[in-house]
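What follows is the content of model_9.txt (compact mmCIF, N, CA and C atoms).
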# COMPACT_ATOMS: atom_id res chain seq x y z
N MET A 1 31.53 2.76 -0.60
CA MET A 1 30.49 3.51 0.10
C MET A 1 31.07 4.85 0.53
N ASN A 2 30.33 5.89 0.30
CA ASN A 2 30.69 7.23 0.74
C ASN A 2 31.01 7.19 2.23
N SER A 3 32.07 7.90 2.68
CA SER A 3 32.49 7.81 4.08
C SER A 3 31.42 8.33 5.05
N LEU A 4 30.68 9.36 4.66
CA LEU A 4 29.60 9.84 5.53
C LEU A 4 28.46 8.84 5.60
N VAL A 5 28.19 8.18 4.49
CA VAL A 5 27.17 7.13 4.49
C VAL A 5 27.63 5.99 5.39
N GLN A 6 28.92 5.64 5.31
CA GLN A 6 29.47 4.58 6.17
C GLN A 6 29.32 4.95 7.63
N GLN A 7 29.63 6.18 7.98
CA GLN A 7 29.47 6.64 9.37
C GLN A 7 28.02 6.53 9.81
N TYR A 8 27.09 6.89 8.92
CA TYR A 8 25.67 6.79 9.24
C TYR A 8 25.30 5.33 9.54
N PHE A 9 25.72 4.42 8.68
CA PHE A 9 25.41 3.01 8.87
C PHE A 9 26.08 2.45 10.12
N ASP A 10 27.30 2.90 10.42
CA ASP A 10 28.02 2.40 11.58
C ASP A 10 27.31 2.71 12.90
N GLN A 11 26.57 3.80 12.95
CA GLN A 11 25.90 4.16 14.20
C GLN A 11 24.53 3.48 14.36
N LEU A 12 24.06 2.77 13.34
CA LEU A 12 22.77 2.09 13.41
C LEU A 12 22.89 0.74 14.12
N THR A 13 21.81 0.34 14.76
CA THR A 13 21.74 -1.00 15.35
C THR A 13 20.71 -1.81 14.57
N ASP A 14 20.77 -3.13 14.72
CA ASP A 14 19.77 -3.98 14.07
C ASP A 14 18.46 -3.84 14.80
N PRO A 15 17.32 -3.89 14.16
CA PRO A 15 17.11 -4.16 12.74
C PRO A 15 17.23 -2.92 11.85
N HIS A 16 17.47 -1.76 12.44
CA HIS A 16 17.55 -0.53 11.65
C HIS A 16 18.60 -0.64 10.55
N ARG A 17 19.78 -1.15 10.88
CA ARG A 17 20.84 -1.29 9.88
C ARG A 17 20.39 -2.22 8.76
N GLU A 18 19.76 -3.33 9.12
CA GLU A 18 19.30 -4.28 8.11
C GLU A 18 18.31 -3.64 7.16
N TYR A 19 17.37 -2.86 7.69
CA TYR A 19 16.39 -2.18 6.85
C TYR A 19 17.09 -1.21 5.90
N MET A 20 18.02 -0.41 6.43
CA MET A 20 18.71 0.57 5.60
C MET A 20 19.60 -0.11 4.55
N GLU A 21 20.26 -1.21 4.93
CA GLU A 21 21.09 -1.94 3.97
C GLU A 21 20.24 -2.53 2.85
N SER A 22 19.06 -3.04 3.17
CA SER A 22 18.22 -3.61 2.12
C SER A 22 17.68 -2.52 1.20
N ILE A 23 17.35 -1.36 1.74
CA ILE A 23 16.89 -0.25 0.91
C ILE A 23 18.04 0.24 0.02
N ARG A 24 19.21 0.40 0.60
CA ARG A 24 20.38 0.83 -0.18
C ARG A 24 20.67 -0.14 -1.32
N ALA A 25 20.61 -1.44 -1.03
CA ALA A 25 20.90 -2.45 -2.04
C ALA A 25 19.89 -2.40 -3.19
N ILE A 26 18.62 -2.23 -2.88
CA ILE A 26 17.61 -2.21 -3.95
C ILE A 26 17.77 -0.95 -4.79
N ILE A 27 18.15 0.16 -4.19
CA ILE A 27 18.39 1.38 -4.96
C ILE A 27 19.58 1.18 -5.90
N LYS A 28 20.68 0.64 -5.37
CA LYS A 28 21.88 0.42 -6.19
C LYS A 28 21.61 -0.55 -7.33
N THR A 29 20.79 -1.55 -7.09
CA THR A 29 20.44 -2.53 -8.14
C THR A 29 19.55 -1.89 -9.19
N THR A 30 18.59 -1.09 -8.75
CA THR A 30 17.60 -0.51 -9.66
C THR A 30 18.18 0.66 -10.46
N ALA A 31 19.05 1.44 -9.85
CA ALA A 31 19.66 2.60 -10.52
C ALA A 31 21.17 2.56 -10.34
N PRO A 32 21.84 1.61 -11.00
CA PRO A 32 23.28 1.44 -10.77
C PRO A 32 24.12 2.64 -11.20
N ASP A 33 23.57 3.50 -12.05
CA ASP A 33 24.31 4.67 -12.49
C ASP A 33 24.10 5.89 -11.59
N ALA A 34 23.31 5.73 -10.52
CA ALA A 34 23.10 6.83 -9.57
C ALA A 34 24.33 6.99 -8.68
N THR A 35 24.54 8.20 -8.23
CA THR A 35 25.67 8.52 -7.36
C THR A 35 25.21 8.56 -5.91
N GLU A 36 25.91 7.83 -5.06
CA GLU A 36 25.57 7.83 -3.64
C GLU A 36 26.06 9.12 -3.00
N VAL A 37 25.21 9.72 -2.18
CA VAL A 37 25.52 10.99 -1.53
C VAL A 37 25.08 10.94 -0.07
N PHE A 38 25.52 11.93 0.68
CA PHE A 38 25.04 12.12 2.04
C PHE A 38 24.70 13.59 2.17
N SER A 39 23.41 13.87 2.30
CA SER A 39 22.96 15.25 2.48
C SER A 39 21.65 15.21 3.23
N TYR A 40 21.23 16.35 3.74
CA TYR A 40 20.03 16.42 4.58
C TYR A 40 20.18 15.50 5.80
N GLN A 41 21.42 15.23 6.21
CA GLN A 41 21.73 14.36 7.35
C GLN A 41 21.30 12.91 7.13
N MET A 42 21.24 12.49 5.86
CA MET A 42 20.86 11.11 5.56
C MET A 42 21.49 10.66 4.24
N PRO A 43 21.61 9.33 4.07
CA PRO A 43 22.14 8.82 2.81
C PRO A 43 21.10 8.95 1.70
N GLY A 44 21.60 9.05 0.50
CA GLY A 44 20.70 9.15 -0.64
C GLY A 44 21.44 8.90 -1.94
N PHE A 45 20.71 9.07 -3.03
CA PHE A 45 21.26 8.88 -4.37
C PHE A 45 20.77 9.99 -5.27
N LYS A 46 21.66 10.43 -6.15
CA LYS A 46 21.32 11.42 -7.16
C LYS A 46 21.57 10.82 -8.53
N LEU A 47 20.76 11.25 -9.48
CA LEU A 47 20.94 10.84 -10.87
C LEU A 47 20.41 12.00 -11.72
N ASN A 48 21.31 12.82 -12.22
CA ASN A 48 20.91 14.04 -12.94
C ASN A 48 20.01 14.89 -12.06
N GLY A 49 20.25 14.90 -10.78
CA GLY A 49 19.43 15.63 -9.82
C GLY A 49 18.98 14.69 -8.71
N SER A 50 18.05 15.15 -7.91
CA SER A 50 17.56 14.36 -6.77
C SER A 50 16.88 13.09 -7.23
N LEU A 51 17.14 12.00 -6.51
CA LEU A 51 16.46 10.74 -6.79
C LEU A 51 15.78 10.24 -5.53
N ILE A 52 16.55 9.85 -4.51
CA ILE A 52 15.95 9.28 -3.30
C ILE A 52 16.90 9.43 -2.11
N TRP A 53 16.32 9.62 -0.93
CA TRP A 53 17.02 9.61 0.34
C TRP A 53 16.29 8.62 1.23
N TYR A 54 16.97 8.13 2.27
CA TYR A 54 16.35 7.18 3.19
C TYR A 54 16.99 7.35 4.56
N ALA A 55 16.21 7.07 5.61
CA ALA A 55 16.73 7.29 6.96
C ALA A 55 15.89 6.56 8.00
N CYS A 56 16.51 6.36 9.17
CA CYS A 56 15.84 5.79 10.34
C CYS A 56 15.57 6.90 11.35
N PHE A 57 14.45 6.77 12.02
CA PHE A 57 14.08 7.69 13.08
C PHE A 57 13.61 6.87 14.27
N LYS A 58 13.27 7.53 15.35
CA LYS A 58 12.88 6.85 16.58
C LYS A 58 11.70 5.89 16.37
N ASP A 59 10.66 6.37 15.69
CA ASP A 59 9.44 5.58 15.57
C ASP A 59 9.17 5.01 14.18
N HIS A 60 10.02 5.32 13.21
CA HIS A 60 9.79 4.84 11.85
C HIS A 60 11.07 4.98 11.03
N TYR A 61 11.04 4.41 9.85
CA TYR A 61 12.07 4.67 8.86
C TYR A 61 11.35 5.16 7.61
N ALA A 62 12.06 5.85 6.73
CA ALA A 62 11.38 6.49 5.62
C ALA A 62 12.27 6.62 4.40
N ILE A 63 11.59 6.79 3.25
CA ILE A 63 12.27 7.19 2.02
C ILE A 63 11.72 8.56 1.65
N TYR A 64 12.55 9.32 0.96
CA TYR A 64 12.17 10.67 0.54
C TYR A 64 12.47 10.80 -0.95
N MET A 65 11.46 11.23 -1.71
CA MET A 65 11.61 11.43 -3.14
C MET A 65 10.84 12.67 -3.55
N PRO A 66 11.22 13.28 -4.67
CA PRO A 66 10.42 14.38 -5.17
C PRO A 66 8.96 13.92 -5.36
N PRO A 67 8.00 14.75 -4.98
CA PRO A 67 6.59 14.36 -5.05
C PRO A 67 6.13 13.87 -6.43
N LYS A 68 6.71 14.41 -7.50
CA LYS A 68 6.29 13.98 -8.84
C LYS A 68 6.60 12.51 -9.10
N TYR A 69 7.58 11.95 -8.38
CA TYR A 69 7.89 10.52 -8.53
C TYR A 69 6.91 9.66 -7.75
N LEU A 70 6.37 10.20 -6.65
CA LEU A 70 5.45 9.45 -5.80
C LEU A 70 4.02 9.46 -6.33
N ALA A 71 3.64 10.55 -7.01
CA ALA A 71 2.25 10.74 -7.44
C ALA A 71 1.66 9.55 -8.21
N PRO A 72 2.35 8.95 -9.17
CA PRO A 72 1.76 7.83 -9.90
C PRO A 72 1.52 6.58 -9.05
N PHE A 73 2.06 6.56 -7.84
CA PHE A 73 1.97 5.39 -6.98
C PHE A 73 1.04 5.61 -5.78
N GLU A 74 0.19 6.63 -5.86
CA GLU A 74 -0.68 6.99 -4.73
C GLU A 74 -1.43 5.80 -4.15
N ASN A 75 -2.02 4.97 -4.99
CA ASN A 75 -2.80 3.82 -4.48
C ASN A 75 -1.92 2.86 -3.69
N ALA A 76 -0.75 2.57 -4.18
CA ALA A 76 0.15 1.64 -3.50
C ALA A 76 0.71 2.24 -2.21
N LEU A 77 0.77 3.56 -2.13
CA LEU A 77 1.37 4.23 -0.97
C LEU A 77 0.35 4.56 0.12
N ARG A 78 -0.92 4.37 -0.14
CA ARG A 78 -1.98 4.75 0.82
C ARG A 78 -1.83 4.10 2.19
N LYS A 79 -1.31 2.90 2.23
CA LYS A 79 -1.24 2.18 3.52
C LYS A 79 -0.07 2.61 4.40
N PHE A 80 0.75 3.53 3.89
CA PHE A 80 1.91 4.00 4.64
C PHE A 80 1.71 5.44 5.09
N GLY A 81 2.41 5.84 6.15
CA GLY A 81 2.41 7.23 6.56
C GLY A 81 3.03 8.07 5.46
N ARG A 82 2.54 9.28 5.28
CA ARG A 82 3.01 10.11 4.17
C ARG A 82 3.14 11.57 4.55
N THR A 83 4.05 12.22 3.90
CA THR A 83 4.09 13.67 3.81
C THR A 83 4.20 13.95 2.31
N LYS A 84 4.41 15.19 1.95
CA LYS A 84 4.50 15.54 0.54
C LYS A 84 5.57 14.74 -0.20
N SER A 85 6.72 14.57 0.43
CA SER A 85 7.83 13.89 -0.25
C SER A 85 8.34 12.65 0.49
N ALA A 86 7.69 12.26 1.57
CA ALA A 86 8.17 11.11 2.35
C ALA A 86 7.15 9.99 2.38
N VAL A 87 7.68 8.78 2.47
CA VAL A 87 6.87 7.60 2.72
C VAL A 87 7.46 6.97 3.98
N LYS A 88 6.62 6.85 5.01
CA LYS A 88 7.09 6.38 6.32
C LYS A 88 6.65 4.93 6.55
N PHE A 89 7.56 4.16 7.11
CA PHE A 89 7.30 2.75 7.38
C PHE A 89 7.49 2.47 8.86
N ASP A 90 6.63 1.65 9.40
CA ASP A 90 6.69 1.22 10.80
C ASP A 90 7.79 0.17 10.93
N TYR A 91 8.48 0.16 12.07
CA TYR A 91 9.55 -0.82 12.27
C TYR A 91 9.03 -2.25 12.33
N ASN A 92 7.74 -2.44 12.49
CA ASN A 92 7.16 -3.79 12.47
C ASN A 92 6.91 -4.27 11.05
N THR A 93 7.26 -3.44 10.07
CA THR A 93 7.03 -3.76 8.66
C THR A 93 8.36 -3.85 7.93
N GLU A 94 8.58 -4.96 7.25
CA GLU A 94 9.78 -5.09 6.42
C GLU A 94 9.71 -4.05 5.29
N PRO A 95 10.84 -3.56 4.83
CA PRO A 95 10.80 -2.61 3.72
C PRO A 95 10.11 -3.22 2.50
N PRO A 96 9.17 -2.49 1.90
CA PRO A 96 8.50 -2.98 0.69
C PRO A 96 9.43 -2.79 -0.52
N LEU A 97 10.37 -3.70 -0.66
CA LEU A 97 11.46 -3.51 -1.63
C LEU A 97 10.97 -3.45 -3.08
N GLU A 98 9.95 -4.22 -3.42
CA GLU A 98 9.44 -4.15 -4.80
C GLU A 98 8.85 -2.78 -5.09
N LEU A 99 8.12 -2.23 -4.12
CA LEU A 99 7.55 -0.89 -4.29
C LEU A 99 8.66 0.15 -4.38
N ILE A 100 9.65 0.05 -3.50
CA ILE A 100 10.76 1.00 -3.52
C ILE A 100 11.49 0.91 -4.87
N ALA A 101 11.71 -0.31 -5.36
CA ALA A 101 12.36 -0.48 -6.66
C ALA A 101 11.54 0.19 -7.76
N SER A 102 10.23 0.04 -7.73
CA SER A 102 9.37 0.67 -8.74
C SER A 102 9.46 2.19 -8.67
N LEU A 103 9.48 2.73 -7.46
CA LEU A 103 9.61 4.18 -7.29
C LEU A 103 10.95 4.68 -7.83
N VAL A 104 12.02 3.98 -7.49
CA VAL A 104 13.36 4.37 -7.94
C VAL A 104 13.45 4.25 -9.46
N GLU A 105 12.92 3.18 -10.01
CA GLU A 105 12.95 2.98 -11.45
C GLU A 105 12.22 4.12 -12.18
N ALA A 106 11.05 4.50 -11.68
CA ALA A 106 10.29 5.59 -12.29
C ALA A 106 11.02 6.91 -12.15
N GLY A 107 11.57 7.19 -10.98
CA GLY A 107 12.30 8.43 -10.77
C GLY A 107 13.56 8.50 -11.62
N ALA A 108 14.29 7.39 -11.70
CA ALA A 108 15.51 7.36 -12.51
C ALA A 108 15.19 7.55 -13.99
N ALA A 109 14.13 6.90 -14.46
CA ALA A 109 13.73 7.05 -15.87
C ALA A 109 13.36 8.51 -16.16
N TYR A 110 12.62 9.12 -15.26
CA TYR A 110 12.24 10.52 -15.44
C TYR A 110 13.49 11.40 -15.52
N ASN A 111 14.41 11.20 -14.58
CA ASN A 111 15.63 12.02 -14.55
C ASN A 111 16.49 11.82 -15.80
N ARG A 112 16.58 10.59 -16.27
CA ARG A 112 17.38 10.33 -17.46
C ARG A 112 16.78 11.01 -18.70
N GLU A 113 15.46 11.03 -18.77
CA GLU A 113 14.78 11.56 -19.96
C GLU A 113 14.57 13.07 -19.91
N ASN A 114 14.38 13.63 -18.73
CA ASN A 114 13.92 15.02 -18.63
C ASN A 114 14.89 16.00 -18.02
N LEU A 115 15.92 15.54 -17.39
CA LEU A 115 16.83 16.47 -16.73
C LEU A 115 18.18 16.46 -17.44
N PRO A 116 18.80 17.61 -17.56
CA PRO A 116 20.11 17.64 -18.21
C PRO A 116 21.14 16.89 -17.38
N LYS A 117 22.04 16.23 -18.05
CA LYS A 117 23.11 15.53 -17.35
C LYS A 117 24.00 16.56 -16.68
N LYS A 118 24.28 16.30 -15.40
CA LYS A 118 25.12 17.22 -14.63
C LYS A 118 26.54 16.70 -14.63
N SER A 119 27.46 17.59 -14.84
CA SER A 119 28.87 17.23 -14.83
C SER A 119 29.38 17.15 -13.40
N GLY A 120 30.18 16.14 -13.13
CA GLY A 120 30.79 16.02 -11.82
C GLY A 120 32.10 16.80 -11.74
N ASN A 121 32.51 17.39 -12.86
CA ASN A 121 33.78 18.10 -12.91
C ASN A 121 33.56 19.59 -12.75
N LYS A 122 33.37 20.02 -11.53
CA LYS A 122 33.18 21.44 -11.26
C LYS A 122 34.54 22.08 -11.02
N VAL A 123 34.70 23.27 -11.56
CA VAL A 123 35.95 24.00 -11.39
C VAL A 123 35.84 24.86 -10.15
N LYS A 124 36.77 24.70 -9.22
CA LYS A 124 36.78 25.51 -8.01
C LYS A 124 37.56 26.79 -8.28
N LYS A 125 37.04 27.88 -7.79
CA LYS A 125 37.72 29.16 -7.96
C LYS A 125 38.41 29.56 -6.69
File written out as structure tokens:
Amino acid sequence: MNSLVQQYFDQLTDPHREYMESIRAIIKTTAPDATEVFSYQMPGFKLNGSLIWYACFKDHYAIYMPPKYLAPFENALRKFGRTKSAVKFDYNTEPPLELIASLVEAGAAYNRENLPKKSGNKVKK
């Protein structure tokens, strides 16, 4: 686990940690070739570009994905709080892991097919 992601998880309390761990696990299972990152002050995954981020807040927890990945799932996402790129879940609701897996699978497939592979070997000047 990325050290910044570990620090993020270490500061969480249950059930927040449990929710984040289950979301992280479903992402890793669904897109095992994605790279775990910490940016935007939250954990996330990249695969040839942006894939998904997730985080806990005072009144909800959420996932963040590019809007083009969310658009095909509008009907399934209607019951959740939304912004352009976020899906918000109430703490009284278990993470909808099957839905999250479907979103990640669709986003990962799009990135694999449509985005150029990015090299992790950047030369520093």
Atom CA of A:Leu70 and atom CA of A:Ala106, how far apart in Å?
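Between these atoms lies a distance of 9.0 Å.
Across the structure, atom CA of A:Ala71 and atom CA of A:Lys58 are spaced 26.6 Å apart.
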Selected residue of minimal separation from A:Tyr69 among A:Thr13, A:Thr29, A:Asn48, A:Ser102, counting only C-alpha atoms
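Ranked by minimum distance to A:Tyr69, first place goes to A:Ser102.
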Considering only strand (DSSP E) as DSSP defines it on the backbone, what residues of chain A qualify? List them as a VMD selection string.
chain A and resid 35 to 39 42 to 46 50 to 56 60 to 64 81 to 82 86 to 90
Excluding A:Ile100 and any residue of its chain fewer than 3 positions from it, enumerate the residues within 8 Å of it, using only N, CA and C atoms, and give them as a ChimeraX atom specification.
/A:23,26-27,30,95-97,103-106
Sel. of alpha helix (DSSP H) residues, chain A, as an mmCIF file with N, CA and C atoms, in the frame of the given file:
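Wrote selection14.cif, looks like this:
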data_model
loop_
_atom_site.group_PDB
_atom_site.id
_atom_site.type_symbol
_atom_site.label_atom_id
_atom_site.label_comp_id
_atom_site.auth_asym_id
_atom_site.auth_seq_id
_atom_site.Cartn_x
_atom_site.Cartn_y
_atom_site.Cartn_z
ATOM 1 N N SER A 3 32.070 7.900 2.680
ATOM 2 C CA SER A 3 32.490 7.810 4.080
ATOM 3 C C SER A 3 31.420 8.330 5.050
ATOM 4 N N LEU A 4 30.680 9.360 4.660
ATOM 5 C CA LEU A 4 29.600 9.840 5.530
ATOM 6 C C LEU A 4 28.460 8.840 5.600
ATOM 7 N N VAL A 5 28.190 8.180 4.490
ATOM 8 C CA VAL A 5 27.170 7.130 4.490
ATOM 9 C C VAL A 5 27.630 5.990 5.390
ATOM 10 N N GLN A 6 28.920 5.640 5.310
ATOM 11 C CA GLN A 6 29.470 4.580 6.170
ATOM 12 C C GLN A 6 29.320 4.950 7.630
ATOM 13 N N GLN A 7 29.630 6.180 7.980
ATOM 14 C CA GLN A 7 29.470 6.640 9.370
ATOM 15 C C GLN A 7 28.020 6.530 9.810
ATOM 16 N N TYR A 8 27.090 6.890 8.920
ATOM 17 C CA TYR A 8 25.670 6.790 9.240
ATOM 18 C C TYR A 8 25.300 5.330 9.540
ATOM 19 N N PHE A 9 25.720 4.420 8.680
ATOM 20 C CA PHE A 9 25.410 3.010 8.870
ATOM 21 C C PHE A 9 26.080 2.450 10.120
ATOM 22 N N ASP A 10 27.300 2.900 10.420
ATOM 23 C CA ASP A 10 28.020 2.400 11.580
ATOM 24 C C ASP A 10 27.310 2.710 12.900
ATOM 25 N N HIS A 16 17.470 -1.760 12.440
ATOM 26 C CA HIS A 16 17.550 -0.530 11.650
ATOM 27 C C HIS A 16 18.600 -0.640 10.550
ATOM 28 N N ARG A 17 19.780 -1.150 10.880
ATOM 29 C CA ARG A 17 20.840 -1.290 9.880
ATOM 30 C C ARG A 17 20.390 -2.220 8.760
ATOM 31 N N GLU A 18 19.760 -3.330 9.120
ATOM 32 C CA GLU A 18 19.300 -4.280 8.110
ATOM 33 C C GLU A 18 18.310 -3.640 7.160
ATOM 34 N N TYR A 19 17.370 -2.860 7.690
ATOM 35 C CA TYR A 19 16.390 -2.180 6.850
ATOM 36 C C TYR A 19 17.090 -1.210 5.900
ATOM 37 N N MET A 20 18.020 -0.410 6.430
ATOM 38 C CA MET A 20 18.710 0.570 5.600
ATOM 39 C C MET A 20 19.600 -0.110 4.550
ATOM 40 N N GLU A 21 20.260 -1.210 4.930
ATOM 41 C CA GLU A 21 21.090 -1.940 3.970
ATOM 42 C C GLU A 21 20.240 -2.530 2.850
ATOM 43 N N SER A 22 19.060 -3.040 3.170
ATOM 44 C CA SER A 22 18.220 -3.610 2.120
ATOM 45 C C SER A 22 17.680 -2.520 1.200
ATOM 46 N N ILE A 23 17.350 -1.360 1.740
ATOM 47 C CA ILE A 23 16.890 -0.250 0.910
ATOM 48 C C ILE A 23 18.040 0.240 0.020
ATOM 49 N N ARG A 24 19.210 0.400 0.600
ATOM 50 C CA ARG A 24 20.380 0.830 -0.180
ATOM 51 C C ARG A 24 20.670 -0.140 -1.320
ATOM 52 N N ALA A 25 20.610 -1.440 -1.030
ATOM 53 C CA ALA A 25 20.900 -2.450 -2.040
ATOM 54 C C ALA A 25 19.890 -2.400 -3.190
ATOM 55 N N ILE A 26 18.620 -2.230 -2.880
ATOM 56 C CA ILE A 26 17.610 -2.210 -3.950
ATOM 57 C C ILE A 26 17.770 -0.950 -4.790
ATOM 58 N N ILE A 27 18.150 0.160 -4.190
ATOM 59 C CA ILE A 27 18.390 1.380 -4.960
ATOM 60 C C ILE A 27 19.580 1.180 -5.900
ATOM 61 N N LYS A 28 20.680 0.640 -5.370
ATOM 62 C CA LYS A 28 21.880 0.420 -6.190
ATOM 63 C C LYS A 28 21.610 -0.550 -7.330
ATOM 64 N N THR A 29 20.790 -1.550 -7.090
ATOM 65 C CA THR A 29 20.440 -2.530 -8.140
ATOM 66 C C THR A 29 19.550 -1.890 -9.190
ATOM 67 N N THR A 30 18.590 -1.090 -8.750
ATOM 68 C CA THR A 30 17.600 -0.510 -9.660
ATOM 69 C C THR A 30 18.180 0.660 -10.460
ATOM 70 N N PRO A 67 8.000 14.750 -4.980
ATOM 71 C CA PRO A 67 6.590 14.360 -5.050
ATOM 72 C C PRO A 67 6.130 13.870 -6.430
ATOM 73 N N LYS A 68 6.710 14.410 -7.500
ATOM 74 C CA LYS A 68 6.290 13.980 -8.840
ATOM 75 C C LYS A 68 6.600 12.510 -9.100
ATOM 76 N N TYR A 69 7.580 11.950 -8.380
ATOM 77 C CA TYR A 69 7.890 10.520 -8.530
ATOM 78 C C TYR A 69 6.910 9.660 -7.750
ATOM 79 N N LEU A 70 6.370 10.200 -6.650
ATOM 80 C CA LEU A 70 5.450 9.450 -5.800
ATOM 81 C C LEU A 70 4.020 9.460 -6.330
ATOM 82 N N GLU A 74 0.190 6.630 -5.860
ATOM 83 C CA GLU A 74 -0.680 6.990 -4.730
ATOM 84 C C GLU A 74 -1.430 5.800 -4.150
ATOM 85 N N ASN A 75 -2.020 4.970 -4.990
ATOM 86 C CA ASN A 75 -2.800 3.820 -4.480
ATOM 87 C C ASN A 75 -1.920 2.860 -3.690
ATOM 88 N N ALA A 76 -0.750 2.570 -4.180
ATOM 89 C CA ALA A 76 0.150 1.640 -3.500
ATOM 90 C C ALA A 76 0.710 2.240 -2.210
ATOM 91 N N LEU A 77 0.770 3.560 -2.130
ATOM 92 C CA LEU A 77 1.370 4.230 -0.970
ATOM 93 C C LEU A 77 0.350 4.560 0.120
ATOM 94 N N LEU A 97 10.370 -3.700 -0.660
ATOM 95 C CA LEU A 97 11.460 -3.510 -1.630
ATOM 96 C C LEU A 97 10.970 -3.450 -3.080
ATOM 97 N N GLU A 98 9.950 -4.220 -3.420
ATOM 98 C CA GLU A 98 9.440 -4.150 -4.800
ATOM 99 C C GLU A 98 8.850 -2.780 -5.090
ATOM 100 N N LEU A 99 8.120 -2.230 -4.120
ATOM 101 C CA LEU A 99 7.550 -0.890 -4.290
ATOM 102 C C LEU A 99 8.660 0.150 -4.380
ATOM 103 N N ILE A 100 9.650 0.050 -3.500
ATOM 104 C CA ILE A 100 10.760 1.000 -3.520
ATOM 105 C C ILE A 100 11.490 0.910 -4.870
ATOM 106 N N ALA A 101 11.710 -0.310 -5.360
ATOM 107 C CA ALA A 101 12.360 -0.480 -6.660
ATOM 108 C C ALA A 101 11.540 0.190 -7.760
ATOM 109 N N SER A 102 10.230 0.040 -7.730
ATOM 110 C CA SER A 102 9.370 0.670 -8.740
ATOM 111 C C SER A 102 9.460 2.190 -8.670
ATOM 112 N N LEU A 103 9.480 2.730 -7.460
ATOM 113 C CA LEU A 103 9.610 4.180 -7.290
ATOM 114 C C LEU A 103 10.950 4.680 -7.830
ATOM 115 N N VAL A 104 12.020 3.980 -7.490
ATOM 116 C CA VAL A 104 13.360 4.370 -7.940
ATOM 117 C C VAL A 104 13.450 4.250 -9.460
ATOM 118 N N GLU A 105 12.920 3.180 -10.010
ATOM 119 C CA GLU A 105 12.950 2.980 -11.450
ATOM 120 C C GLU A 105 12.220 4.120 -12.180
ATOM 121 N N ALA A 106 11.050 4.500 -11.680
ATOM 122 C CA ALA A 106 10.290 5.590 -12.290
ATOM 123 C C ALA A 106 11.020 6.910 -12.150
ATOM 124 N N GLY A 107 11.570 7.190 -10.980
ATOM 125 C CA GLY A 107 12.300 8.430 -10.770
ATOM 126 C C GLY A 107 13.560 8.500 -11.620
ATOM 127 N N ALA A 108 14.290 7.390 -11.700
ATOM 128 C CA ALA A 108 15.510 7.360 -12.510
ATOM 129 C C ALA A 108 15.190 7.550 -13.990
ATOM 130 N N ALA A 109 14.130 6.900 -14.460
ATOM 131 C CA ALA A 109 13.730 7.050 -15.870
ATOM 132 C C ALA A 109 13.360 8.510 -16.160
ATOM 133 N N TYR A 110 12.620 9.120 -15.260
ATOM 134 C CA TYR A 110 12.240 10.520 -15.440
ATOM 135 C C TYR A 110 13.490 11.400 -15.520
ATOM 136 N N ASN A 111 14.410 11.200 -14.580
ATOM 137 C CA ASN A 111 15.630 12.020 -14.550
ATOM 138 C C ASN A 111 16.490 11.820 -15.800
ATOM 139 N N ARG A 112 16.580 10.590 -16.270
ATOM 140 C CA ARG A 112 17.380 10.330 -17.460
ATOM 141 C C ARG A 112 16.780 11.010 -18.700
ATOM 142 N N GLU A 113 15.460 11.030 -18.770
ATOM 143 C CA GLU A 113 14.780 11.560 -19.960
ATOM 144 C C GLU A 113 14.570 13.070 -19.910
ATOM 145 N N ASN A 114 14.380 13.630 -18.730
ATOM 146 C CA ASN A 114 13.920 15.020 -18.630
ATOM 147 C C ASN A 114 14.890 16.000 -18.020
#
Env of A:Leu115: 9 Å cut, atoms = only C-alpha atoms, seq-sep filter 3 positions within chain, self excluded. Answer as a list in words.
Asn48, Gly49, Tyr110, Asn111, Arg112 and Lys118 of chain A
Using N, CA and C atoms, can you export the residues from the last selection as a tab-separated table (two decimals), in the frame of the given file?
chain	number	residue	atom	x	y	z
A	48	ASN	N	21.31	12.82	-12.22
A	48	ASN	CA	20.91	14.04	-12.94
A	48	ASN	C	20.01	14.89	-12.06
A	49	GLY	N	20.25	14.90	-10.78
A	49	GLY	CA	19.43	15.63	-9.82
A	49	GLY	C	18.98	14.69	-8.71
A	110	TYR	N	12.62	9.12	-15.26
A	110	TYR	CA	12.24	10.52	-15.44
A	110	TYR	C	13.49	11.40	-15.52
A	111	ASN	N	14.41	11.20	-14.58
A	111	ASN	CA	15.63	12.02	-14.55
A	111	ASN	C	16.49	11.82	-15.80
A	112	ARG	N	16.58	10.59	-16.27
A	112	ARG	CA	17.38	10.33	-17.46
A	112	ARG	C	16.78	11.01	-18.70
A	118	LYS	N	24.28	16.30	-15.40
A	118	LYS	CA	25.12	17.22	-14.63
A	118	LYS	C	26.54	16.70	-14.63
